[in-house]
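**Q** I am sharing data-v8.pdb, which consists of PDB, C-alpha atoms:
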```
MODEL        1
ATOM      1  CA  MET D   1       0.000   0.000   0.000  1.00  0.00           C
ATOM      2  CA  ASP D   2       1.167   3.503  -0.726  1.00  0.00           C
ATOM      3  CA  ARG D   3       1.314   6.331   1.818  1.00  0.00           C
ATOM      4  CA  ARG D   4      -2.028   7.796   0.791  1.00  0.00           C
ATOM      5  CA  SER D   5      -3.780   4.458   1.304  1.00  0.00           C
ATOM      6  CA  TRP D   6      -2.193   4.068   4.759  1.00  0.00           C
ATOM      7  CA  PHE D   7      -3.284   7.607   5.638  1.00  0.00           C
ATOM      8  CA  LEU D   8      -6.860   6.951   4.524  1.00  0.00           C
ATOM      9  CA  LEU D   9      -6.970   3.635   6.378  1.00  0.00           C
ATOM     10  CA  LEU D  10      -5.671   5.163   9.609  1.00  0.00           C
ATOM     11  CA  THR D  11      -8.030   8.139   9.275  1.00  0.00           C
ATOM     12  CA  LEU D  12     -11.000   5.820   8.781  1.00  0.00           C
ATOM     13  CA  GLY D  13      -9.910   3.749  11.792  1.00  0.00           C
ATOM     14  CA  ALA D  14      -9.610   6.882  13.938  1.00  0.00           C
ATOM     15  CA  ILE D  15     -13.058   8.122  12.927  1.00  0.00           C
ATOM     16  CA  TRP D  16     -14.627   4.700  13.416  1.00  0.00           C
ATOM     17  CA  GLY D  17     -12.926   4.145  16.762  1.00  0.00           C
ATOM     18  CA  ALA D  18     -13.716   7.641  18.038  1.00  0.00           C
ATOM     19  CA  SER D  19     -17.429   6.951  17.712  1.00  0.00           C
ATOM     20  CA  TYR D  20     -17.264   4.695  20.783  1.00  0.00           C
ATOM     21  CA  MET D  21     -15.611   7.481  22.766  1.00  0.00           C
ATOM     22  CA  PHE D  22     -18.356   9.896  21.680  1.00  0.00           C
ATOM     23  CA  ILE D  23     -21.039   7.361  22.609  1.00  0.00           C
ATOM     24  CA  GLU D  24     -19.499   7.189  26.084  1.00  0.00           C
ATOM     25  CA  ILE D  25     -19.579  10.994  26.327  1.00  0.00           C
ATOM     26  CA  GLY D  26     -23.184  11.106  25.105  1.00  0.00           C
ATOM     27  CA  LEU D  27     -24.237   8.530  27.697  1.00  0.00           C
ATOM     28  CA  ARG D  28     -23.321  10.974  30.465  1.00  0.00           C
ATOM     29  CA  ASP D  29     -26.462  12.990  29.714  1.00  0.00           C
ATOM     30  CA  LEU D  30     -28.596  10.881  27.371  1.00  0.00           C
ATOM     31  CA  SER D  31     -30.140   7.418  27.383  1.00  0.00           C
ATOM     32  CA  PRO D  32     -28.693   4.751  25.098  1.00  0.00           C
ATOM     33  CA  ALA D  33     -31.818   5.047  22.915  1.00  0.00           C
ATOM     34  CA  MET D  34     -31.439   8.818  22.588  1.00  0.00           C
ATOM     35  CA  VAL D  35     -27.730   8.529  21.731  1.00  0.00           C
ATOM     36  CA  ALA D  36     -28.617   5.971  19.049  1.00  0.00           C
ATOM     37  CA  PHE D  37     -31.459   8.127  17.709  1.00  0.00           C
ATOM     38  CA  VAL D  38     -29.298  11.232  17.423  1.00  0.00           C
ATOM     39  CA  ARG D  39     -26.550   9.330  15.576  1.00  0.00           C
ATOM     40  CA  ILE D  40     -29.011   7.695  13.191  1.00  0.00           C
ATOM     41  CA  ALA D  41     -31.142  10.797  12.578  1.00  0.00           C
ATOM     42  CA  LEU D  42     -28.076  12.922  11.782  1.00  0.00           C
ATOM     43  CA  ALA D  43     -26.913  10.319   9.262  1.00  0.00           C
ATOM     44  CA  ALA D  44     -30.362  10.236   7.641  1.00  0.00           C
ATOM     45  CA  LEU D  45     -30.508  14.051   7.498  1.00  0.00           C
ATOM     46  CA  VAL D  46     -27.236  14.080   5.570  1.00  0.00           C
ATOM     47  CA  LEU D  47     -27.667  11.027   3.313  1.00  0.00           C
ATOM     48  CA  VAL D  48     -31.313  11.222   2.207  1.00  0.00           C
ATOM     49  CA  PRO D  49     -31.008  14.721   0.633  1.00  0.00           C
ATOM     50  CA  ILE D  50     -27.811  13.661  -1.151  1.00  0.00           C
ATOM     51  CA  ALA D  51     -29.575  10.575  -2.522  1.00  0.00           C
ATOM     52  CA  ALA D  52     -32.573  12.694  -3.568  1.00  0.00           C
ATOM     53  CA  ALA D  53     -30.311  15.218  -5.321  1.00  0.00           C
ATOM     54  CA  GLN D  54     -28.690  12.366  -7.251  1.00  0.00           C
ATOM     55  CA  GLY D  55     -32.082  10.960  -8.238  1.00  0.00           C
ATOM     56  CA  ALA D  56     -31.218   7.696  -6.515  1.00  0.00           C
ATOM     57  CA  LEU D  57     -34.484   7.271  -4.610  1.00  0.00           C
ATOM     58  CA  ALA D  58     -36.533   6.053  -7.576  1.00  0.00           C
ATOM     59  CA  GLY D  59     -37.757   2.469  -7.550  1.00  0.00           C
ATOM     60  CA  ILE D  60     -37.410   1.759  -3.841  1.00  0.00           C
ATOM     61  CA  ARG D  61     -40.954   0.537  -3.231  1.00  0.00           C
ATOM     62  CA  PRO D  62     -40.268  -3.142  -4.108  1.00  0.00           C
ATOM     63  CA  VAL D  63     -37.435  -3.321  -1.559  1.00  0.00           C
ATOM     64  CA  ALA D  64     -38.924  -1.081   1.143  1.00  0.00           C
ATOM     65  CA  ILE D  65     -39.491  -3.981   3.564  1.00  0.00           C
ATOM     66  CA  TRP D  66     -35.819  -4.972   3.239  1.00  0.00           C
ATOM     67  CA  LEU D  67     -34.750  -1.385   3.933  1.00  0.00           C
ATOM     68  CA  VAL D  68     -36.796  -1.450   7.140  1.00  0.00           C
ATOM     69  CA  ALA D  69     -35.393  -4.878   8.062  1.00  0.00           C
ATOM     70  CA  VAL D  70     -31.817  -3.666   7.634  1.00  0.00           C
ATOM     71  CA  GLY D  71     -32.689  -0.502   9.556  1.00  0.00           C
ATOM     72  CA  ALA D  72     -33.851  -2.635  12.472  1.00  0.00           C
ATOM     73  CA  ILE D  73     -31.238  -5.422  12.346  1.00  0.00           C
ATOM     74  CA  GLN D  74     -28.099  -3.575  11.280  1.00  0.00           C
ATOM     75  CA  VAL D  75     -28.650  -0.052  12.617  1.00  0.00           C
ATOM     76  CA  ALA D  76     -31.345   0.578  15.245  1.00  0.00           C
ATOM     77  CA  GLY D  77     -30.819  -2.647  17.181  1.00  0.00           C
ATOM     78  CA  PRO D  78     -27.014  -2.595  17.214  1.00  0.00           C
ATOM     79  CA  PHE D  79     -26.753   1.124  17.982  1.00  0.00           C
ATOM     80  CA  LEU D  80     -29.144   0.676  20.911  1.00  0.00           C
ATOM     81  CA  LEU D  81     -27.313  -2.441  22.137  1.00  0.00           C
ATOM     82  CA  ILE D  82     -23.898  -0.751  21.904  1.00  0.00           C
ATOM     83  CA  GLY D  83     -25.127   2.245  23.881  1.00  0.00           C
ATOM     84  CA  ALA D  84     -26.680   0.000  26.533  1.00  0.00           C
ATOM     85  CA  GLY D  85     -23.526  -2.105  26.636  1.00  0.00           C
ATOM     86  CA  GLN D  86     -21.305   0.936  27.030  1.00  0.00           C
ATOM     87  CA  GLU D  87     -23.152   1.875  30.191  1.00  0.00           C
ATOM     88  CA  GLU D  88     -21.386  -1.127  31.721  1.00  0.00           C
ATOM     89  CA  ILE D  89     -18.110  -1.476  29.780  1.00  0.00           C
ATOM     90  CA  SER D  90     -15.428   0.890  28.490  1.00  0.00           C
ATOM     91  CA  SER D  91     -15.554   2.421  25.037  1.00  0.00           C
ATOM     92  CA  SER D  92     -12.254   0.745  24.137  1.00  0.00           C
ATOM     93  CA  LEU D  93     -13.600  -2.716  24.980  1.00  0.00           C
ATOM     94  CA  ALA D  94     -16.803  -1.957  23.062  1.00  0.00           C
ATOM     95  CA  GLY D  95     -14.755  -1.030  19.999  1.00  0.00           C
ATOM     96  CA  ILE D  96     -12.787  -4.266  20.247  1.00  0.00           C
ATOM     97  CA  LEU D  97     -15.873  -6.442  20.754  1.00  0.00           C
ATOM     98  CA  VAL D  98     -17.650  -4.884  17.768  1.00  0.00           C
ATOM     99  CA  ALA D  99     -14.766  -6.163  15.675  1.00  0.00           C
ATOM    100  CA  SER D 100     -16.310  -9.620  16.079  1.00  0.00           C
ATOM    101  CA  ALA D 101     -18.741  -8.784  13.233  1.00  0.00           C
ATOM    102  CA  PRO D 102     -16.486 -10.360  10.561  1.00  0.00           C
ATOM    103  CA  LEU D 103     -16.294 -13.504  12.693  1.00  0.00           C
ATOM    104  CA  PHE D 104     -20.087 -13.749  12.680  1.00  0.00           C
ATOM    105  CA  THR D 105     -20.108 -13.038   8.941  1.00  0.00           C
ATOM    106  CA  ALA D 106     -17.721 -15.924   8.336  1.00  0.00           C
ATOM    107  CA  LEU D 107     -19.679 -18.240  10.630  1.00  0.00           C
ATOM    108  CA  LEU D 108     -23.066 -17.397   9.106  1.00  0.00           C
ATOM    109  CA  ALA D 109     -21.642 -17.726   5.587  1.00  0.00           C
ATOM    110  CA  ILE D 110     -21.406 -21.472   6.144  1.00  0.00           C
ATOM    111  CA  TRP D 111     -25.204 -21.605   5.820  1.00  0.00           C
ATOM    112  CA  VAL D 112     -26.136 -18.330   4.111  1.00  0.00           C
ATOM    113  CA  ASP D 113     -23.525 -17.387   1.515  1.00  0.00           C
ATOM    114  CA  HIS D 114     -21.232 -19.980   0.002  1.00  0.00           C
ATOM    115  CA  GLU D 115     -19.106 -17.268  -1.664  1.00  0.00           C
ATOM    116  CA  GLU D 116     -17.888 -16.131   1.741  1.00  0.00           C
ATOM    117  CA  ARG D 117     -17.592 -19.557   3.338  1.00  0.00           C
ATOM    118  CA  SER D 118     -14.427 -20.295   5.300  1.00  0.00           C
ATOM    119  CA  GLN D 119     -12.854 -23.736   5.305  1.00  0.00           C
ATOM    120  CA  GLY D 120      -9.747 -25.393   6.658  1.00  0.00           C
ATOM    121  CA  LEU D 121      -7.249 -22.982   8.207  1.00  0.00           C
ATOM    122  CA  ARG D 122      -9.587 -20.031   7.709  1.00  0.00           C
ATOM    123  CA  LEU D 123     -12.319 -21.758   9.683  1.00  0.00           C
ATOM    124  CA  GLY D 124      -9.744 -22.548  12.359  1.00  0.00           C
ATOM    125  CA  GLY D 125      -8.850 -18.860  12.452  1.00  0.00           C
ATOM    126  CA  ILE D 126     -12.524 -17.977  12.932  1.00  0.00           C
ATOM    127  CA  MET D 127     -12.735 -20.353  15.897  1.00  0.00           C
ATOM    128  CA  ILE D 128      -9.578 -18.840  17.402  1.00  0.00           C
ATOM    129  CA  GLY D 129     -11.143 -15.414  16.930  1.00  0.00           C
ATOM    130  CA  PHE D 130     -14.274 -16.459  18.816  1.00  0.00           C
ATOM    131  CA  GLY D 131     -12.024 -17.865  21.529  1.00  0.00           C
ATOM    132  CA  GLY D 132     -10.396 -14.436  21.787  1.00  0.00           C
ATOM    133  CA  VAL D 133     -13.786 -12.749  22.128  1.00  0.00           C
ATOM    134  CA  ALA D 134     -14.748 -15.244  24.851  1.00  0.00           C
ATOM    135  CA  MET D 135     -11.472 -14.543  26.664  1.00  0.00           C
ATOM    136  CA  LEU D 136     -12.072 -10.800  26.483  1.00  0.00           C
ATOM    137  CA  LEU D 137     -15.522 -11.254  27.954  1.00  0.00           C
ATOM    138  CA  GLY D 138     -14.279 -13.605  30.674  1.00  0.00           C
ATOM    139  CA  VAL D 139     -10.922 -12.068  31.573  1.00  0.00           C
ATOM    140  CA  ASP D 140     -11.410  -8.359  30.930  1.00  0.00           C
ATOM    141  CA  LEU D 141     -14.847  -8.246  32.530  1.00  0.00           C
ATOM    142  CA  GLY D 142     -13.871 -10.575  35.364  1.00  0.00           C
ATOM    143  CA  GLY D 143     -17.233 -12.284  35.466  1.00  0.00           C
ATOM    144  CA  GLU D 144     -19.055  -9.206  36.810  1.00  0.00           C
ATOM    145  CA  GLY D 145     -22.750  -9.640  36.018  1.00  0.00           C
ATOM    146  CA  ALA D 146     -23.625  -6.183  34.658  1.00  0.00           C
ATOM    147  CA  ALA D 147     -20.350  -5.803  32.770  1.00  0.00           C
ATOM    148  CA  LEU D 148     -20.720  -9.258  31.233  1.00  0.00           C
ATOM    149  CA  VAL D 149     -24.245  -8.410  30.059  1.00  0.00           C
ATOM    150  CA  GLY D 150     -22.933  -5.126  28.635  1.00  0.00           C
ATOM    151  CA  GLY D 151     -20.223  -6.990  26.740  1.00  0.00           C
ATOM    152  CA  LEU D 152     -22.744  -9.516  25.438  1.00  0.00           C
ATOM    153  CA  PHE D 153     -24.948  -6.643  24.201  1.00  0.00           C
ATOM    154  CA  VAL D 154     -22.047  -5.358  22.112  1.00  0.00           C
ATOM    155  CA  VAL D 155     -21.299  -8.831  20.736  1.00  0.00           C
ATOM    156  CA  LEU D 156     -24.999  -9.226  19.876  1.00  0.00           C
ATOM    157  CA  ALA D 157     -24.796  -5.903  18.024  1.00  0.00           C
ATOM    158  CA  SER D 158     -21.969  -7.388  15.958  1.00  0.00           C
ATOM    159  CA  LEU D 159     -24.204 -10.295  15.051  1.00  0.00           C
ATOM    160  CA  GLY D 160     -26.773  -7.762  13.818  1.00  0.00           C
ATOM    161  CA  TYR D 161     -24.114  -6.113  11.667  1.00  0.00           C
ATOM    162  CA  ALA D 162     -23.273  -9.476  10.095  1.00  0.00           C
ATOM    163  CA  ILE D 163     -26.903 -10.448   9.425  1.00  0.00           C
ATOM    164  CA  GLY D 164     -27.615  -7.012   7.971  1.00  0.00           C
ATOM    165  CA  GLY D 165     -24.648  -7.329   5.655  1.00  0.00           C
ATOM    166  CA  PHE D 166     -26.091 -10.500   4.134  1.00  0.00           C
ATOM    167  CA  ILE D 167     -29.491  -8.860   3.648  1.00  0.00           C
ATOM    168  CA  VAL D 168     -27.859  -5.897   1.923  1.00  0.00           C
ATOM    169  CA  LYS D 169     -25.830  -8.176  -0.339  1.00  0.00           C
ATOM    170  CA  HIS D 170     -28.709 -10.436  -1.346  1.00  0.00           C
ATOM    171  CA  ARG D 171     -31.708  -8.070  -1.306  1.00  0.00           C
ATOM    172  CA  LEU D 172     -30.468  -4.494  -1.744  1.00  0.00           C
ATOM    173  CA  GLY D 173     -27.455  -4.876  -4.008  1.00  0.00           C
ATOM    174  CA  GLU D 174     -29.173  -3.130  -6.929  1.00  0.00           C
ATOM    175  CA  LEU D 175     -29.803   0.122  -5.043  1.00  0.00           C
ATOM    176  CA  ALA D 176     -27.379   3.016  -5.231  1.00  0.00           C
ATOM    177  CA  PRO D 177     -25.262   2.866  -2.046  1.00  0.00           C
ATOM    178  CA  VAL D 178     -26.118   6.415  -0.938  1.00  0.00           C
ATOM    179  CA  ALA D 179     -29.851   5.770  -1.393  1.00  0.00           C
ATOM    180  CA  MET D 180     -29.690   2.442   0.430  1.00  0.00           C
ATOM    181  CA  SER D 181     -27.690   3.929   3.308  1.00  0.00           C
ATOM    182  CA  GLY D 182     -29.868   7.020   3.616  1.00  0.00           C
ATOM    183  CA  LEU D 183     -33.139   5.105   3.544  1.00  0.00           C
ATOM    184  CA  VAL D 184     -31.874   2.498   6.002  1.00  0.00           C
ATOM    185  CA  MET D 185     -30.892   5.318   8.365  1.00  0.00           C
ATOM    186  CA  ALA D 186     -34.279   6.996   7.921  1.00  0.00           C
ATOM    187  CA  ALA D 187     -36.090   3.716   8.649  1.00  0.00           C
ATOM    188  CA  ALA D 188     -33.898   3.081  11.692  1.00  0.00           C
ATOM    189  CA  ALA D 189     -34.548   6.592  13.010  1.00  0.00           C
ATOM    190  CA  VAL D 190     -38.298   6.081  12.742  1.00  0.00           C
ATOM    191  CA  LEU D 191     -38.039   2.676  14.440  1.00  0.00           C
ATOM    192  CA  ILE D 192     -35.988   3.915  17.384  1.00  0.00           C
ATOM    193  CA  LEU D 193     -37.780   7.240  17.906  1.00  0.00           C
ATOM    194  CA  PRO D 194     -40.527   5.827  20.203  1.00  0.00           C
ATOM    195  CA  ILE D 195     -37.899   4.234  22.442  1.00  0.00           C
ATOM    196  CA  ALA D 196     -35.782   7.394  22.504  1.00  0.00           C
TER     197      ALA D 196
ENDMDL
END
```
Give the structure from the file, written as structure tokens.

**A**
Amino acid sequence: MDRRSWFLLLTLGAIWGASYMFIEIGLRDLSPAMVAFVRIALAALVLVPIAAAQGALAGIRPVAIWLVAVGAIQVAGPFLLIGAGQEEISSSLAGILVASAPLFTALLAIWVDHEERSQGLRLGGIMIGFGGVAMLLGVDLGGEGAALVGGLFVVLASLGYAIGGFIVKHRLGELAPVAMSGLVMAAAAVLILPIA
């Protein structure tokens, strides 16, 4: 990789990782549901007008139910679970546990998507990865009840990310990415608003 690619990768990692710190800050004054709603609503307010300006919102009616499903499974649910989990665990641990999403993707691919199926050494690596997640939950959280539940909430959010990824791939692949993202965020905002 060239220097520019490294810079972009590190910048993306910093932005992604900082979100868990900002969630922790938001939880000082807001409920997990309100933190999730604000994050999701801001994303929808940015993405939907961009998609509309590009004319990318046409023809969404046939896939509307899948947009709502992804909004619930990959956005509203996980964002709420991460916020609730971070009431009990540190933002750094939350960021590490969320990284289990690719492990769930690889595990689910065995049944759902043969293109992404892992076999042999790769499957062994997936199992080692899950062992690492289990160790983090057991060792880092020390078996404390509330902290363990908080960690499990974050891991469950990762499962939602993985399931949502398969739905996007198999049901929403024809939509323009900005339209799909904006509409998923809008659906998630509507779904989580009553809880917030």

**Q** Any idea what the distance is between atom CA of D:Trp6 and atom CA of D:Gly182?

**A**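 About the pair atom CA of D:Trp6 and atom CA of D:Gly182: they are 27.9 Å apart.
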
**Q** Have a look at atom CA of D:Leu57 and atom CA of D:Ala179 and let me know their distance in Å, one decimal.

**A** 5.8 Å

**Q** Residues picked by the PyMOL selection byres ((chain D and resi 74-79) around 8) here, as a short mmCIF file (atom, residue, chain, number, x, y, z; two decimals) with C-alpha atoms, in the frame of the given file?

**A**
```cif
data_model
loop_
_atom_site.label_atom_id
_atom_site.label_comp_id
_atom_site.auth_asym_id
_atom_site.auth_seq_id
_atom_site.Cartn_x
_atom_site.Cartn_y
_atom_site.Cartn_z
CA ALA D 36 -28.62 5.97 19.05
CA PHE D 37 -31.46 8.13 17.71
CA ILE D 40 -29.01 7.70 13.19
CA VAL D 70 -31.82 -3.67 7.63
CA GLY D 71 -32.69 -0.50 9.56
CA ALA D 72 -33.85 -2.64 12.47
CA ILE D 73 -31.24 -5.42 12.35
CA LEU D 80 -29.14 0.68 20.91
CA LEU D 81 -27.31 -2.44 22.14
CA ILE D 82 -23.90 -0.75 21.90
CA GLY D 83 -25.13 2.24 23.88
CA VAL D 154 -22.05 -5.36 22.11
CA LEU D 156 -25.00 -9.23 19.88
CA ALA D 157 -24.80 -5.90 18.02
CA SER D 158 -21.97 -7.39 15.96
CA GLY D 160 -26.77 -7.76 13.82
CA TYR D 161 -24.11 -6.11 11.67
CA ALA D 162 -23.27 -9.48 10.10
CA ILE D 163 -26.90 -10.45 9.43
CA GLY D 164 -27.62 -7.01 7.97
CA GLY D 165 -24.65 -7.33 5.66
CA VAL D 184 -31.87 2.50 6.00
CA MET D 185 -30.89 5.32 8.36
CA ALA D 188 -33.90 3.08 11.69
CA ALA D 189 -34.55 6.59 13.01
CA LEU D 191 -38.04 2.68 14.44
CA ILE D 192 -35.99 3.92 17.38
#
```

**Q** Rounded to one decimal place, report the atom CA of D:Leu136-atom CA of D:Ile96 distance in Å.

**A**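 A separation of 9.1 Å between them.
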
**Q** From the set D:Trp16, D:Phe166, D:Phe7, D:Phe153, which residue has the shortest atom-to-atom contact distance to D:Trp111, counting only C-alpha atoms?

**A** D:Phe166

**Q** Nearest to D:Val98 among D:Val133, D:Leu183, D:Leu193, D:Leu27, with distances taken over all atoms listed in the file: which residue is it?

**A** D:Val133

**Q** As a PDB file with C-alpha atoms, keeping the file's coordinate frame, please: the residues near D:Ile126 (cut-off 10 Å, only C-alpha atoms, same-chain neighbours under 5 positions excluded).

**A**
```pdb
ATOM      1  CA  SER D 100     -16.310  -9.620  16.079  1.00  0.00           C
ATOM      2  CA  PRO D 102     -16.486 -10.360  10.561  1.00  0.00           C
ATOM      3  CA  LEU D 103     -16.294 -13.504  12.693  1.00  0.00           C
ATOM      4  CA  PHE D 104     -20.087 -13.749  12.680  1.00  0.00           C
ATOM      5  CA  THR D 105     -20.108 -13.038   8.941  1.00  0.00           C
ATOM      6  CA  ALA D 106     -17.721 -15.924   8.336  1.00  0.00           C
ATOM      7  CA  LEU D 107     -19.679 -18.240  10.630  1.00  0.00           C
ATOM      8  CA  SER D 118     -14.427 -20.295   5.300  1.00  0.00           C
ATOM      9  CA  GLN D 119     -12.854 -23.736   5.305  1.00  0.00           C
ATOM     10  CA  LEU D 121      -7.249 -22.982   8.207  1.00  0.00           C
ATOM     11  CA  GLY D 131     -12.024 -17.865  21.529  1.00  0.00           C
ATOM     12  CA  GLY D 132     -10.396 -14.436  21.787  1.00  0.00           C
TER      13      GLY D 132
END
```

**Q** List the spatial neighbours of D:Ala94 as a list in words - criterion: any atom at most 9 Å away, all atoms listed in the file, same-chain residues fewer than 3 positions off excluded.

**A**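 Everything that qualifies: Tyr20, Ile82, Gly85, Gln86, Ile89, Ser90, Ser91, Leu97, Val98, Ala99, Gly150, Gly151, Val154 and Val155 of chain D.
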
**Q** With distances taken over all atoms listed in the file, which residue among D:Val63, D:Met127, D:Leu159, D:Ala56 lies nearest D:Ala176?

**A**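 Answer, going by the shortest atom-to-atom distance: D:Ala56.
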
**Q** Write out as an mmCIF file with C-alpha atoms, keeping the file's coordinate frame the residues lying within 7 Å of D:Leu47, counting all atoms listed in the file and excluding same-chain residues fewer than 4 positions away.

**A**
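And here is the file that came out, result31.cif:
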```
data_model
loop_
_atom_site.group_PDB
_atom_site.id
_atom_site.type_symbol
_atom_site.label_atom_id
_atom_site.label_comp_id
_atom_site.auth_asym_id
_atom_site.auth_seq_id
_atom_site.Cartn_x
_atom_site.Cartn_y
_atom_site.Cartn_z
ATOM 1 C CA ALA D 43 -26.913 10.319 9.262
ATOM 2 C CA ALA D 51 -29.575 10.575 -2.522
ATOM 3 C CA VAL D 178 -26.118 6.415 -0.938
ATOM 4 C CA GLY D 182 -29.868 7.020 3.616
#
```

**Q** My list of candidates is D:Met180, D:Ile23, D:Leu42, D:Arg4. Which is closest to D:Arg61 when distances are computed with all atoms listed in the file?

**A**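 For D:Arg61, the nearest of the given residues is D:Met180.
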
**Q** In terms of the shortest atom-to-atom distance over all atoms listed in the file, which of D:Glu87, D:Gly173, D:Ala187, D:Leu152 is closest to D:Asp29?

**A** D:Glu87

**Q** Counting all atoms listed in the file, which residue out of D:Ala84, D:Ile50, D:Glu116, D:Leu123 sits closest to D:Val35?

**A**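 When distances to D:Val35 are compared using all atoms listed in the file, the smallest one comes from D:Ala84.
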
**Q** Please return the centre and edge lengths, in Å to one decimal, of a box with edges along x, y and z that contains all listed atoms of stretch 78-85 of chain D, widened by 5 Å on every side, as AutoDock Vina command-line options.

**A**
```
--center_x -26.3 --center_y -0.2 --center_z 21.9 --size_x 15.6 --size_y 14.8 --size_z 19.4
```
